[in-house]
Amino acid sequence: MRLLNIGFGNMVSARKIVAIVAPESAPIKRMIQDARDKGYLIDATYGRRTRAVVIMESGHVVLSAIQNETISGRYNNSDFAGEGEAELDEN
């Protein structure tokens with residue numbers, strides 16, 4: 001399992017990420033509230049302003065205090081960024 005740092009030493013499974021989005025839009029705010037109501041919200045901001053929302057395959061919504069561009073850059077610069085494509089080519 002490959003882990004992706006989302007700030008302050010918090011990690012998520014990189015293979016389970018569906019999307020990394022900005023928190024400003026109304027639909028994302030509703031998604032955050034729905035996840036909070038259902039118990040699927042994970043707040044990893046340490047009390048700071050939410051700057052990125054990580055949506056996981058399991059339906060969990062993870063809040064991060066670092067920019068979504070920074071998180072996606074970490075994903076793209078890591079050694080597992082192209083893993084899925086290589087697996088598809090082998091089959």
# chains A, B, ... in the order shown; residues from 1 in each chain; ligands from 1
>>> select_by_dssp(residues="chain A", states="helix (DSSP H, G or I)", output="short mmCIF file (atom, residue, chain, number, x, y, z; two decimals) with C-alpha atoms, in the first residue's frame")
data_model
loop_
_atom_site.label_atom_id
_atom_site.label_comp_id
_atom_site.auth_asym_id
_atom_site.auth_seq_id
_atom_site.Cartn_x
_atom_site.Cartn_y
_atom_site.Cartn_z
CA ALA A 14 -2.83 6.78 -2.78
CA ARG A 15 -4.56 3.98 -4.70
CA LYS A 16 -7.92 4.74 -3.03
CA ALA A 26 -21.39 24.71 -3.02
CA PRO A 27 -21.56 21.05 -4.18
CA ILE A 28 -18.29 20.26 -2.37
CA LYS A 29 -19.53 22.02 0.76
CA ARG A 30 -22.68 19.86 0.61
CA MET A 31 -20.55 16.75 0.15
CA ILE A 32 -18.52 17.70 3.24
CA GLN A 33 -21.67 18.26 5.29
CA ASP A 34 -23.20 14.97 4.11
CA ALA A 35 -19.99 13.12 5.03
CA ARG A 36 -20.00 14.80 8.45
CA ASP A 37 -23.62 13.75 9.04
CA LYS A 38 -22.90 10.13 8.01
CA ASN A 68 -4.82 20.59 -3.70
CA GLU A 69 -2.06 21.45 -6.20
CA THR A 70 0.55 20.52 -3.59
CA ILE A 71 -1.11 17.17 -2.87
CA SER A 72 -1.48 16.35 -6.56
CA GLY A 73 2.15 17.36 -7.11
CA ARG A 74 3.22 14.94 -4.40
CA TYR A 75 1.18 12.24 -6.07
CA ASN A 76 2.61 12.95 -9.54
CA ASN A 77 6.21 13.20 -8.29
CA GLU A 83 1.46 2.28 -11.44
CA GLY A 84 -2.11 1.84 -12.70
CA GLU A 85 -1.21 2.37 -16.33
CA ALA A 86 1.62 -0.19 -16.18
CA GLU A 87 -0.72 -2.81 -14.74
CA LEU A 88 -3.23 -2.22 -17.53
CA ASP A 89 -0.57 -2.62 -20.22
CA GLU A 90 0.47 -6.03 -18.88
#
>>> closest_residue(among="A:Val21, A:Met56, A:Val61, A:Ala44", to="A:Ile6", atoms="only C-alpha atoms")
A:Ala44
>>> closest_residue(among="A:Val18, A:His60, A:Leu3, A:Phe8", to="A:Gly47", atoms="only C-alpha atoms")
A:Phe8
>>> select_by_dssp(residues="stretch 5-78 of chain A", states="strand (DSSP E)", output="list in words")
Asn5, Ile6, Gly7, Asn10, Met11, Val12, Ser13, Ile17, Val18, Ala19, Ile20, Val21, Leu41, Ile42, Asp43, Ala44, Ala52, Val53, Val54, Ile55, Met56, Val61, Val62, Leu63 and Ser64 of chain A
>>> atom_distance(atom1="atom CA of A:Arg51", atom2="atom CA of A:Gly7")
10.9 Å
>>> atom_distance(atom1="atom CA of A:Ser25", atom2="atom CA of A:Ser13")
24.9 Å
